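Participant: First the structure, which I've put down as structure tokens, then a few questions once you've had a look.
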Amino acid sequence: MTKPNLAVDLNGLKLQNPVTTASGTFGFGPEYRNYVDLNRLGGVMVKGTTLNPKLGNPTPRIAETPAGMLNAIGLQNPGVDHFLARILPLIKDYNFKTIVNISGNTVEDYAKLANKLNVEGVDALEINISCPNVKKGGLAFGTQPEMAASVVEAVRAETDMSLITKLSPNVADITSIARAVEEAGTDVISLINTLLGMKIDIHNQEPILANKMGGLSGPAIKPVAVRMVYQVAQAVEVPLIGMGGISNADDAIEFLLAGASAISVGTANFVNPEVTMEILDGIEEYLVEKGYEDINEIVGKAIK
Amino acid sequence: MTKPNLAVDLNGLKLQNPVTTASGTFGFGPEYRNYVDLNRLGGVMVKGTTLNPKLGNPTPRIAETPAGMLNAIGLQNPGVDHFLARILPLIKDYNFKTIVNISGNTVEDYAKLANKLNVEGVDALEINISCPNVKKGGLAFGTQPEMAASVVEAVRAETDMSLITKLSPNVADITSIARAVEEAGTDVISLINTLLGMKIDIHNQEPILANKMGGLSGPAIKPVAVRMVYQVAQAVEVPLIGMGGISNADDAIEFLLAGASAISVGTANFVNPEVTMEILDGIEEYLVEKGYEDINEIVGKAIK
Amino acid sequence: MSKRVIAKVISQEEISPRHFKMVIDAPEVAKEAKIGQFIHLKWVAKLNEHDPLLRRPISLNEIDQEAGTITIIYRAIGRGTQLLATLKAGDQVDLMGPIGMGFSIPEDTNKFVVVGGGMGIAPLYPVVKKLVELNKEVTVLIGAENKGQLLNLADYEEMDVELKASTVDGSYGYQGFVTEFLDDTLIDADYIYTCGPEVMMEVVQNWVIANDIKGEASLEERMGCGTGACLSCVCKIKVRNESGWDYKKTCIQGPVFPLNEVIFDD
Amino acid sequence: MSKRVIAKVISQEEISPRHFKMVIDAPEVAKEAKIGQFIHLKWVAKLNEHDPLLRRPISLNEIDQEAGTITIIYRAIGRGTQLLATLKAGDQVDLMGPIGMGFSIPEDTNKFVVVGGGMGIAPLYPVVKKLVELNKEVTVLIGAENKGQLLNLADYEEMDVELKASTVDGSYGYQGFVTEFLDDTLIDADYIYTCGPEVMMEVVQNWVIANDIKGEASLEERMGCGTGACLSCVCKIKVRNESGWDYKKTCIQGPVFPLNEVIFDD
Ligand SMILES: Cc1cc2nc3c(=O)[nH]c(=O)nc-3n(C[C@H](O)[C@H](O)[C@H](O)COP(=O)(O)OP(=O)(O)OC[C@H]3O[C@@H](n4cnc5c(N)ncnc54)[C@H](O)[C@@H]3O)c2cc1C
Ligand SMILES: Cc1cc2nc3c(=O)[nH]c(=O)nc-3n(C[C@H](O)[C@H](O)[C@H](O)COP(=O)(O)OP(=O)(O)OC[C@H]3O[C@@H](n4cnc5c(N)ncnc54)[C@H](O)[C@@H]3O)c2cc1C
Ligand SMILES: Cc1cc2nc3c(=O)[nH]c(=O)nc-3n(C[C@H](O)[C@H](O)[C@H](O)COP(=O)(O)O)c2cc1C
Ligand SMILES: Cc1cc2nc3c(=O)[nH]c(=O)nc-3n(C[C@H](O)[C@H](O)[C@H](O)COP(=O)(O)O)c2cc1C
Ligand code: FES
Ligand code: FES
């Protein structure tokens, strides 16, 4: 039996396979070099990057919840300049696509980031629109179609690079946001970011996270993520990168069948540092067993 | 040590204790009589009731997910007339408050239901605004403040009974819906209903639920529910009934600390049919251990 | 009356690859259990870990009231049954039971046929035992993938029943499907019990209707509560109303229903 | 180099109520492990059940390179450690390790003091062992709730160290807090190692600063990845920059940091 094709073309962004790692959960990649053959990954979404270095939130920054976890890291990162000068050189020669996840407080922040990151070695930008827009009173860019679109347009104006827009699940109608960012020129949509959640310590009677609220990720949110991928796949033409609770090959295949052309693994890296390799092997096995020659044959197959 | 007071007064609706059972998960009550001393419950939210009998969705109607489950029962119920004639007489003499969860396709449906249920033996109505409004293109009443308010106003006009409005979590800003239903005259707010989710069978490559999508409940959603209770408690004056993933006394206490005056237990009844009794005992133990004389002392304690 | 008990595993044995037989010490359940009923169980005594979340419904394969034990036979396929399969003697399970309306044995009836396919053989063994106790004439037709999956085969071989078995791989008995025995003109019957895949039960139903006899079928649906509260387990049963059918709860109104009244179309 | 291994439990023992000692067969980890490092572990070999989800960081209490084993001592408090406590010899765990920057032993230094409180005693035992091997002068100060929780007490009693122990309930040694020994004028030291509750380490830090000596502290923070990727485990460490401090990753840049540089204020 010949090996099935695993390469996917996300509207011009070519990945050797559909397995990528979710922003904020895999560092810049090398953190996992003891556990993973980094050269086998399709893409790495690096830690959320901002214009200036950010210290992030006080600790505790994480809390465990049923089949999930909350995080409120607060976008700690060394800033885009440090990324370009010190980190990009270390990762740009790997086979994976380097995708920089960008975050800003204003539309201009995003535009500036895109401008700075318009360099060789960066293969795509992932626009994180889950950040609260400080100018508009803290409501996240990702919760209103017009705001989401304005960010994408501003970034689009700065670069011809592949643009991936990452949607927040904390909305009533994910398809309207998806359509808005598609019209605004995104090449790819990735989803989902974390659900807003909270955990209270009943002994000291206060929230566990120093930041009180945090983002819920992990297996717990998978049904919400699959549903949103399934809905968005039917609402837009651009390819999708699905994520949210993927912990093994079966989960990854679920997202592909729901309409994602590629997938990202987040929290599961913490539980099983080798999980991306297992997922890659598992997807291949599934294709072979079912007699598919090309991964693209199963994308969206569950949509009827 | 004297027993702490467990009674709560929800804006006029007096429960002997804060432990109630969530609509759709406890039948009409007697289904659990082998496992639970029904007279010890604070309240029972009976299965979602509609004007006419409903057959509900085809099967499979449930699917298991990580620390949760999806359901798409489709509001199967015998209709309000059958409820009044055949079921209410069987349950009205228990010590628990009988709270009828009502659902409609139009605002008028809700009003008619309220009118019919304005009888002795029904202690309160729980308005389920998660149903899609067929007239307005299927968008759930609960996702837009004005639509939610219009339902509550219509019901308010029909009855002086205690009104509990049950919020859907599938929104970007739960506080705006909460404020809208408070202004429209609800006495109590209960939250959360289920998160919309989906699961795909990777072998036959289609959604497991016959209805494709369903409502996610169980421990998985608890962090989202706690967060929403915490937010809404700070946004409105009316008392809250918190629910979503409560599986033991610690979980129940978490919701009380987050600002709920009472709690509902849903999915956990399926896992442990005796869980409501364990929660009741556990809450009392907690109060005794920490030296509280009244349950109301801990409501909202985690809000700073 | 169904109750919740924390019960001890007396023994667990892999009787065939991925097929397990577990004996559980549960006198309160054994005492009340009737043939055709099931238990709703979880593989832990503490309910602190929430994944996998739900209980699993499993039929009673043996009820020993004197010993105070119940026996189940199950296939470890998904995450829950695989965890159940890791238990050893002395471990505890949390179970609700006995649940449901079991099989009934009509009086003044003498010739019985029992048709079981795959895991559907499991709930039928107690009926056969009972029928034999009552000195009825019993024909047992069972079919499975292979010999190992012909549950209770050795038990049936020692009983005073007419036994016909089929396997898909031909490792025992007739190579083919169990329903093919029905065409056999030698089989006559007054009453039939069946459990197995829906396609199989449909064939049995057609045969029963064609031959104008009656019988009972034990159905499987995904279950939430096991108490009749959640309405997840419903099946379509013929009734005299406008549409000609209504949803019944497989957990407490079943899992056994009159075979002629079941509508197989989901 | 840290790796992931599925390893077998050799033994598990409840050494005191809710306190467990587990010996694990993990030659690859033992070979590379250094004092002060930890493992990040899960109580199952299959990662199919998702609740509780995350690994748990636990310090190495003994490293036996010849036997290829590592030993941990932990308290079963929450859901994860309680599940860990159910394991028996022969069961498997899934672990990542060895992780982190361990303790360093400065050359040309002779008098060492080790101050451990509660579970913080656990990671200190390998340091003491090493110091004794190197023929250093060692004073061991340990404090806990009660005698049973004075971890490695019997080991220390047999070693060539000056041992002072305190318990809150007075069941062994001095009744009070371990830090009270520090006021004791008899204790002089060149270097100190400490691990325990933050309040305790702060007292030790103040003492160290007052006496102008140096030392190292092993910190605890909630951990996600254990690889340096998630930034959940950061702690405040003094550095020469504008604000005077920066967040460092406790998992891979710690858990051991120079005592004087730690900022205790979370
Ligand atoms: C009344 C009744 C009696 C049964 N008796 C037996 C028996 O004696 N022996 C036996 O091996 N099996 C029996 N089954 C089927 C058994 O319940 C399923 O095989 C089991 O629930 C699958 O769980 P899992 O963890 O292996 O699968 P998973 O795929 O992890 O299960 C996920 C969810 O789907 C449900 N589910 C999956 N398959 C089935 C199914 N076939 N029927 C009902 N629910 C299902 C599970 O209960 C669970 O809620 C019976 C089912 C019913 C309804
Ligand atoms: C580097 C390091 C070494 C450690 N060494 C030991 C040791 O040798 N022996 C020992 O008994 N304990 C040790 N701990 C603490 C141990 O990790 C926690 O007690 C354990 O994680 C609690 O898990 P749980 O399941 O009991 O609690 P839960 O409350 O269920 O844990 C929930 C979440 O919070 C985290 N958490 C809870 N308490 C702590 C804590 N004190 N520190 C870090 N994370 C926590 C858990 O890891 C988990 O993610 C160490 C911690 C660190 C960071
Ligand atoms: C610790 C942590 C940090 C994260 N940081 C970021 C980030 O910087 N930018 C971003 O877009 N998403 C971030 N995420 C969200 C993930 O990329 C992912 O969308 C989400 O966790 C859902 O996937 P999962 O369930 O597989 O983790 C973070 C998630 C976690 C758990
Ligand atoms: C099987 C099932 C049926 C439900 N039916 C209803 C319903 O009829 N009306 C309603 O308002 N909520 C219904 N719900 C939602 C629950 O009342 C509750 O809001 C939700 O499940 C969250 O709580 P839990 O996580 O404790 O189950 C149903 C939930 C389940 C699981
Ligand atoms: S399983 Fe809940 S009604 Fe049957
Ligand atoms: S635990 Fe993830 S960076 Fe330290």
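All residue names refer to the structure tokens as shown: chains lettered A, B, ... in order, residues numbered from 1 in each chain, ligands numbered from 1 in order.
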Residues of chain C near chain A: apply a cut-off of 10 Å, count only C-alpha atoms, and supply the list as a PyMOL selection string.

Facilitator: chain C and resi 48-52

Participant: Using N, CA and C atoms, can you write the selected residues to a file as a short mmCIF file (atom, residue, chain, number, x, y, z; two decimals), in the first residue's frame?

Facilitator:
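Result file selection36.cif:
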data_model
loop_
_atom_site.label_atom_id
_atom_site.label_comp_id
_atom_site.auth_asym_id
_atom_site.auth_seq_id
_atom_site.Cartn_x
_atom_site.Cartn_y
_atom_site.Cartn_z
N ASN C 48 -15.58 10.42 41.54
CA ASN C 48 -14.80 11.66 41.51
C ASN C 48 -14.22 12.00 40.16
N GLU C 49 -13.98 10.97 39.36
CA GLU C 49 -13.40 11.25 38.04
C GLU C 49 -14.55 11.30 37.05
N HIS C 50 -14.54 12.33 36.24
CA HIS C 50 -15.71 12.58 35.41
C HIS C 50 -15.57 12.13 33.96
N ASP C 51 -14.55 11.40 33.66
CA ASP C 51 -14.38 10.98 32.27
C ASP C 51 -13.88 9.56 32.18
N PRO C 52 -14.56 8.64 31.48
CA PRO C 52 -15.89 8.80 30.88
C PRO C 52 -16.95 9.01 31.95
#

Participant: Within 10 Å of Asp160 of chain C, counting only C-alpha atoms, which residues qualify if same-chain residues fewer than 3 places away don't, as a compact mmCIF listing (two decimals) with all heavy atoms, in the first residue's frame?

Facilitator:
# COMPACT_ATOMS: atom_id res chain seq x y z
N VAL C 128 -33.84 -18.79 28.86
CA VAL C 128 -33.74 -20.22 28.51
C VAL C 128 -33.71 -21.06 29.78
O VAL C 128 -34.42 -22.07 29.89
CB VAL C 128 -32.47 -20.47 27.65
CG1 VAL C 128 -32.34 -21.96 27.35
CG2 VAL C 128 -32.53 -19.65 26.36
N LYS C 129 -32.91 -20.62 30.74
CA LYS C 129 -32.82 -21.36 31.99
C LYS C 129 -34.19 -21.51 32.63
O LYS C 129 -34.58 -22.58 33.09
CB LYS C 129 -31.91 -20.58 32.95
CG LYS C 129 -30.69 -21.38 33.39
CD LYS C 129 -29.74 -20.54 34.18
CE LYS C 129 -29.54 -21.06 35.58
NZ LYS C 129 -28.42 -20.34 36.25
N VAL C 132 -36.45 -23.90 30.75
CA VAL C 132 -36.09 -25.30 31.00
C VAL C 132 -36.59 -25.73 32.36
O VAL C 132 -37.14 -26.83 32.52
CB VAL C 132 -34.55 -25.47 30.86
CG1 VAL C 132 -34.12 -26.86 31.36
CG2 VAL C 132 -34.13 -25.27 29.41
N GLU C 133 -36.43 -24.83 33.34
CA GLU C 133 -36.96 -25.11 34.67
C GLU C 133 -38.46 -25.41 34.62
O GLU C 133 -38.97 -26.26 35.36
CB GLU C 133 -36.79 -23.89 35.58
CG GLU C 133 -35.54 -23.89 36.43
CD GLU C 133 -35.37 -22.52 37.12
OE1 GLU C 133 -36.36 -21.99 37.69
OE2 GLU C 133 -34.25 -21.99 37.04
N ASN C 135 -39.90 -26.79 32.28
CA ASN C 135 -40.11 -27.95 31.41
C ASN C 135 -40.73 -27.63 30.06
O ASN C 135 -41.52 -28.42 29.53
CB ASN C 135 -40.98 -28.99 32.12
CG ASN C 135 -40.16 -29.77 33.11
OD1 ASN C 135 -39.05 -30.21 32.78
ND2 ASN C 135 -40.66 -29.90 34.32
N LYS C 136 -40.36 -26.48 29.53
CA LYS C 136 -40.88 -26.13 28.21
C LYS C 136 -39.96 -26.71 27.13
O LYS C 136 -38.81 -27.07 27.39
CB LYS C 136 -40.91 -24.60 28.06
CG LYS C 136 -41.69 -23.87 29.14
CD LYS C 136 -43.19 -24.11 29.02
CE LYS C 136 -43.95 -23.28 30.05
NZ LYS C 136 -45.40 -23.50 29.97
N GLU C 137 -40.51 -26.78 25.94
CA GLU C 137 -39.72 -27.22 24.79
C GLU C 137 -39.00 -25.99 24.22
O GLU C 137 -39.66 -25.04 23.81
CB GLU C 137 -40.67 -27.73 23.71
CG GLU C 137 -40.40 -29.14 23.24
CD GLU C 137 -41.48 -29.55 22.23
OE1 GLU C 137 -41.37 -29.10 21.07
OE2 GLU C 137 -42.41 -30.28 22.64
N VAL C 138 -37.70 -26.03 24.21
CA VAL C 138 -36.97 -24.82 23.81
C VAL C 138 -35.98 -25.07 22.67
O VAL C 138 -35.19 -26.01 22.73
CB VAL C 138 -36.16 -24.24 25.00
CG1 VAL C 138 -35.63 -22.85 24.65
CG2 VAL C 138 -36.99 -24.20 26.26
N THR C 139 -36.07 -24.23 21.67
CA THR C 139 -35.06 -24.25 20.61
C THR C 139 -34.22 -22.98 20.74
O THR C 139 -34.78 -21.88 20.79
CB THR C 139 -35.71 -24.26 19.22
OG1 THR C 139 -36.59 -25.38 19.16
CG2 THR C 139 -34.66 -24.36 18.13
N TYR C 156 -25.52 -24.04 27.19
CA TYR C 156 -26.62 -24.55 26.39
C TYR C 156 -26.41 -26.01 26.02
O TYR C 156 -27.35 -26.80 25.99
CB TYR C 156 -26.80 -23.72 25.10
CG TYR C 156 -27.31 -22.32 25.35
CD1 TYR C 156 -26.65 -21.21 24.82
CD2 TYR C 156 -28.46 -22.10 26.10
CE1 TYR C 156 -27.13 -19.91 25.04
CE2 TYR C 156 -28.94 -20.81 26.33
CZ TYR C 156 -28.27 -19.73 25.79
OH TYR C 156 -28.74 -18.46 26.01
N GLU C 157 -25.14 -26.35 25.76
CA GLU C 157 -24.86 -27.73 25.35
C GLU C 157 -25.24 -28.73 26.45
O GLU C 157 -25.57 -29.87 26.17
CB GLU C 157 -23.37 -27.89 24.98
CG GLU C 157 -23.08 -27.29 23.61
CD GLU C 157 -21.59 -27.33 23.26
OE1 GLU C 157 -20.74 -27.34 24.18
OE2 GLU C 157 -21.27 -27.35 22.06
N LEU C 163 -30.36 -27.03 20.25
CA LEU C 163 -29.42 -25.94 20.03
C LEU C 163 -28.94 -25.88 18.59
O LEU C 163 -28.51 -26.88 18.02
CB LEU C 163 -28.22 -26.12 20.96
CG LEU C 163 -27.06 -25.15 20.79
CD1 LEU C 163 -27.46 -23.74 21.24
CD2 LEU C 163 -25.85 -25.63 21.59

Participant: Skipping near chain neighbours, those fewer than 5 positions away, what residues fall within 10 Å of Met198 of chain B using only C-alpha atoms, listed as a list of chain:residue names?

Facilitator: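 Within the cut-off, the hits are A:Lys222, A:Pro223, A:Val224, A:Ala225, A:Val226, A:Arg227, A:Met228, A:Val229, A:Tyr230, A:Ala258, B:Ala63, B:Thr65, B:Met69, B:Leu70, B:Asn71, B:Pro207, B:Ile208, B:Leu209, B:Asn211, B:Lys212, B:Met213, B:Gly214, B:Gly215, B:Leu216.
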
Participant: Pick the closest to chain D from C:Asn61, C:Gln82, C:Ser171, C:Asn260: which is it, counting only C-alpha atoms?

Facilitator: C:Gln82

Participant: Please report as JSON lines every residue of chain C lying within 6 Å of ligand 1, along with the nearest atom pair and their distance in Å (one decimal), using only C-alpha atoms and all ligand atoms.

Facilitator:
{"residue": "C:Phe38", "atom": "CA", "partner": "ligand 1", "partner_atom_place_in_ligand_line": "1 (C)", "distance": 5.8}
{"residue": "C:Leu54", "atom": "CA", "partner": "ligand 1", "partner_atom_place_in_ligand_line": "49 (O)", "distance": 5.6}
{"residue": "C:Arg56", "atom": "CA", "partner": "ligand 1", "partner_atom_place_in_ligand_line": "21 (O)", "distance": 4.4}
{"residue": "C:Pro57", "atom": "CA", "partner": "ligand 1", "partner_atom_place_in_ligand_line": "17 (O)", "distance": 4.3}
{"residue": "C:Ile58", "atom": "CA", "partner": "ligand 1", "partner_atom_place_in_ligand_line": "5 (N)", "distance": 3.5}
{"residue": "C:Ser59", "atom": "CA", "partner": "ligand 1", "partner_atom_place_in_ligand_line": "8 (O)", "distance": 3.8}
{"residue": "C:Ile73", "atom": "CA", "partner": "ligand 1", "partner_atom_place_in_ligand_line": "9 (N)", "distance": 5.3}
{"residue": "C:Tyr74", "atom": "CA", "partner": "ligand 1", "partner_atom_place_in_ligand_line": "11 (O)", "distance": 3.1}
{"residue": "C:Arg75", "atom": "CA", "partner": "ligand 1", "partner_atom_place_in_ligand_line": "11 (O)", "distance": 4.1}
{"residue": "C:Ala76", "atom": "CA", "partner": "ligand 1", "partner_atom_place_in_ligand_line": "26 (O)", "distance": 5.4}
{"residue": "C:Ile77", "atom": "CA", "partner": "ligand 1", "partner_atom_place_in_ligand_line": "26 (O)", "distance": 4.2}
{"residue": "C:Gly78", "atom": "CA", "partner": "ligand 1", "partner_atom_place_in_ligand_line": "26 (O)", "distance": 3.1}
{"residue": "C:Arg79", "atom": "CA", "partner": "ligand 1", "partner_atom_place_in_ligand_line": "30 (O)", "distance": 4.2}
{"residue": "C:Gly80", "atom": "CA", "partner": "ligand 1", "partner_atom_place_in_ligand_line": "25 (O)", "distance": 3.1}
{"residue": "C:Thr81", "atom": "CA", "partner": "ligand 1", "partner_atom_place_in_ligand_line": "26 (O)", "distance": 4.2}
{"residue": "C:Met119", "atom": "CA", "partner": "ligand 1", "partner_atom_place_in_ligand_line": "11 (O)", "distance": 5.5}
{"residue": "C:Ala122", "atom": "CA", "partner": "ligand 1", "partner_atom_place_in_ligand_line": "8 (O)", "distance": 5.1}
{"residue": "C:Pro123", "atom": "CA", "partner": "ligand 1", "partner_atom_place_in_ligand_line": "8 (O)", "distance": 5.8}
{"residue": "C:Glu220", "atom": "CA", "partner": "ligand 1", "partner_atom_place_in_ligand_line": "53 (C)", "distance": 3.7}
{"residue": "C:Glu221", "atom": "CA", "partner": "ligand 1", "partner_atom_place_in_ligand_line": "43 (C)", "distance": 4.5}
{"residue": "C:Arg222", "atom": "CA", "partner": "ligand 1", "partner_atom_place_in_ligand_line": "44 (N)", "distance": 3.7}
{"residue": "C:Met223", "atom": "CA", "partner": "ligand 1", "partner_atom_place_in_ligand_line": "44 (N)", "distance": 6.0}
{"residue": "C:Pro255", "atom": "CA", "partner": "ligand 1", "partner_atom_place_in_ligand_line": "1 (C)", "distance": 5.3}

Participant: Compare B:Arg40, B:Lys290, B:Arg179, B:Lys199 by their minimum atom-to-atom distance to chain A, counting only C-alpha atoms, and give me the closest one.

Facilitator: B:Lys199

Participant: Let's see if you can do this: from backbone DSSP, list all alpha helix (DSSP H) residues in segment 34-220 of chain A, as a PyMOL selection string.

Facilitator: chain A and resi 80-82+88-91+107-116+145-156+174-183

Participant: Write out, as a Markdown table, each residue of chain C that has an atom at most 9 Å from ligand 5, together with the closest pair of atoms and their distance in Å to one decimal, counting only C-alpha atoms and all ligand atoms, rows going by chain and rising number.

Facilitator:
| residue | atom | partner | partner_atom_place_in_ligand_line | distance |
| --- | --- | --- | --- | --- |
| C:Glu221 | CA | ligand 5 | 1 (S) | 8.2 |
| C:Arg222 | CA | ligand 5 | 1 (S) | 7.1 |
| C:Met223 | CA | ligand 5 | 1 (S) | 3.9 |
| C:Gly224 | CA | ligand 5 | 1 (S) | 4.3 |
| C:Cys225 | CA | ligand 5 | 2 (Fe) | 3.9 |
| C:Gly226 | CA | ligand 5 | 1 (S) | 4.0 |
| C:Thr227 | CA | ligand 5 | 2 (Fe) | 5.6 |
| C:Gly228 | CA | ligand 5 | 3 (S) | 3.4 |
| C:Ala229 | CA | ligand 5 | 3 (S) | 4.6 |
| C:Cys230 | CA | ligand 5 | 2 (Fe) | 3.8 |
| C:Leu231 | CA | ligand 5 | 3 (S) | 3.8 |
| C:Ser232 | CA | ligand 5 | 2 (Fe) | 5.2 |
| C:Cys233 | CA | ligand 5 | 4 (Fe) | 4.5 |
| C:Val234 | CA | ligand 5 | 4 (Fe) | 6.6 |
| C:Lys248 | CA | ligand 5 | 4 (Fe) | 8.7 |
| C:Lys249 | CA | ligand 5 | 4 (Fe) | 5.1 |
| C:Thr250 | CA | ligand 5 | 4 (Fe) | 5.7 |
| C:Cys251 | CA | ligand 5 | 4 (Fe) | 4.2 |
| C:Ile252 | CA | ligand 5 | 4 (Fe) | 6.4 |
| C:Gln253 | CA | ligand 5 | 4 (Fe) | 8.4 |
| C:Gly254 | CA | ligand 5 | 4 (Fe) | 8.9 |

Participant: So that I can see what lies close to segment 181-190 of chain A, please list as a PyMOL selection string the residues with an atom at most 6 Å from it, counting only C-alpha atoms and leaving out residues fewer than 5 positions away in the same chain.

Facilitator: chain A and resi 11+149+152-153+163-166+238-242

Participant: Store the residues of this selection in a file with N, CA and C atoms, as a JSON list (two decimals), in the first residue's frame.

Facilitator:
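Generated file (result_31.json):
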[["chain", "number", "residue", "atom", "x", "y", "z"],
["A", 11, "ASN", "N", -5.19, 27.44, 1.06],
["A", 11, "ASN", "CA", -5.31, 28.69, 0.31],
["A", 11, "ASN", "C", -3.94, 29.31, 0.05],
["A", 149, "ALA", "N", -13.53, 42.27, 11.46],
["A", 149, "ALA", "CA", -13.16, 42.58, 10.07],
["A", 149, "ALA", "C", -12.15, 43.71, 10.00],
["A", 152, "VAL", "N", -8.65, 42.43, 10.53],
["A", 152, "VAL", "CA", -8.15, 41.65, 9.40],
["A", 152, "VAL", "C", -7.78, 42.58, 8.23],
["A", 153, "GLU", "N", -8.64, 43.55, 7.98],
["A", 153, "GLU", "CA", -8.35, 44.49, 6.89],
["A", 153, "GLU", "C", -7.04, 45.23, 7.13],
["A", 163, "LEU", "N", -2.71, 34.83, 5.79],
["A", 163, "LEU", "CA", -3.34, 35.30, 7.03],
["A", 163, "LEU", "C", -4.34, 34.28, 7.53],
["A", 164, "ILE", "N", -4.15, 33.91, 8.78],
["A", 164, "ILE", "CA", -5.09, 33.00, 9.45],
["A", 164, "ILE", "C", -5.78, 33.81, 10.53],
["A", 165, "THR", "N", -7.09, 33.84, 10.54],
["A", 165, "THR", "CA", -7.77, 34.57, 11.61],
["A", 165, "THR", "C", -8.36, 33.57, 12.58],
["A", 166, "LYS", "N", -8.02, 33.78, 13.87],
["A", 166, "LYS", "CA", -8.43, 32.82, 14.90],
["A", 166, "LYS", "C", -9.63, 33.34, 15.67],
["A", 238, "VAL", "N", -13.13, 29.73, 2.67],
["A", 238, "VAL", "CA", -11.71, 29.58, 3.03],
["A", 238, "VAL", "C", -11.52, 28.33, 3.88],
["A", 239, "PRO", "N", -10.33, 27.73, 3.79],
["A", 239, "PRO", "CA", -10.06, 26.53, 4.58],
["A", 239, "PRO", "C", -9.96, 26.84, 6.08],
["A", 240, "LEU", "N", -10.19, 25.81, 6.87],
["A", 240, "LEU", "CA", -10.19, 25.97, 8.33],
["A", 240, "LEU", "C", -9.10, 25.15, 8.99],
["A", 241, "ILE", "N", -8.60, 25.68, 10.09],
["A", 241, "ILE", "CA", -7.74, 24.91, 10.98],
["A", 241, "ILE", "C", -8.54, 24.71, 12.26],
["A", 242, "GLY", "N", -8.83, 23.46, 12.58],
["A", 242, "GLY", "CA", -9.69, 23.18, 13.73],
["A", 242, "GLY", "C", -8.89, 22.86, 14.97]]

Participant: As a VMD selection string, please: the residues near Leu38 of chain A (cut-off 10 Å, only C-alpha atoms, same-chain neighbours under 6 positions excluded).

Facilitator: chain A and resid 29 to 30 32 44 91 94 to 96 276 to 277

Participant: Quick one: everything within 9 Å of Pro258 of chain C, counting only C-alpha atoms, minus sequence neighbours fewer than 5 positions away in the same chain. Send it as a VMD selection string.

Facilitator: chain C and resid 214 to 218 237

Participant: Using N, CA and C atoms, can you write the selected residues to a file as a short mmCIF file (atom, residue, chain, number, x, y, z; two decimals), in the first residue's frame?

Facilitator:
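part-v6.cif written:
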data_model
loop_
_atom_site.label_atom_id
_atom_site.label_comp_id
_atom_site.auth_asym_id
_atom_site.auth_seq_id
_atom_site.Cartn_x
_atom_site.Cartn_y
_atom_site.Cartn_z
N LYS C 214 -46.32 -14.85 18.26
CA LYS C 214 -45.95 -13.67 19.04
C LYS C 214 -44.58 -13.87 19.67
N GLY C 215 -44.08 -12.79 20.23
CA GLY C 215 -42.79 -12.92 20.87
C GLY C 215 -42.36 -11.62 21.51
N GLU C 216 -41.14 -11.62 21.99
CA GLU C 216 -40.62 -10.42 22.66
C GLU C 216 -39.19 -10.13 22.21
N ALA C 217 -38.88 -8.85 22.17
CA ALA C 217 -37.53 -8.45 21.76
C ALA C 217 -36.92 -7.56 22.83
N SER C 218 -35.65 -7.73 23.07
CA SER C 218 -34.96 -6.86 24.01
C SER C 218 -34.14 -5.85 23.19
N ILE C 237 -42.64 2.43 19.33
CA ILE C 237 -43.51 1.28 19.58
C ILE C 237 -44.90 1.58 19.01
#

Participant: Nearest to ligand 4 among B:Cys131, B:Ile177, B:Leu90, B:Ile283, with distances taken over only C-alpha atoms and all ligand atoms: which residue is it?

Facilitator: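 Ranking B:Cys131, B:Ile177, B:Leu90, B:Ile283 by distance to ligand 4, first place goes to B:Cys131.
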
Participant: Compare D:Gln205, D:Thr194, D:Asn146, D:Thr86 by their minimum atom-to-atom distance to chain C, counting only C-alpha atoms, and give me the closest one.

Facilitator: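 The shortest atom-to-atom distance to chain C comes from D:Thr86.
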
Participant: Give me the residues within 10 Å of Glu198 of chain D as a ChimeraX atom specification, counting only C-alpha atoms and dropping any in the same chain fewer than 5 places off.

Facilitator: /D:117,203-204,219-220,264-266

Participant: I need the residues from that last selection saved to file as a short mmCIF file (atom, residue, chain, number, x, y, z; two decimals), in the first residue's frame (with C-alpha atoms), if you can.

Facilitator:
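Printed below is again_19.cif as written:
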data_model
loop_
_atom_site.label_atom_id
_atom_site.label_comp_id
_atom_site.auth_asym_id
_atom_site.auth_seq_id
_atom_site.Cartn_x
_atom_site.Cartn_y
_atom_site.Cartn_z
CA GLY D 117 9.19 22.21 56.13
CA VAL D 203 11.95 33.63 57.13
CA VAL D 204 14.92 31.62 55.91
CA LEU D 219 9.93 26.54 44.61
CA GLU D 220 6.48 25.22 43.82
CA PHE D 264 7.99 36.01 47.69
CA ASP D 265 4.89 38.08 47.15
CA ASP D 266 2.25 36.16 45.26
#
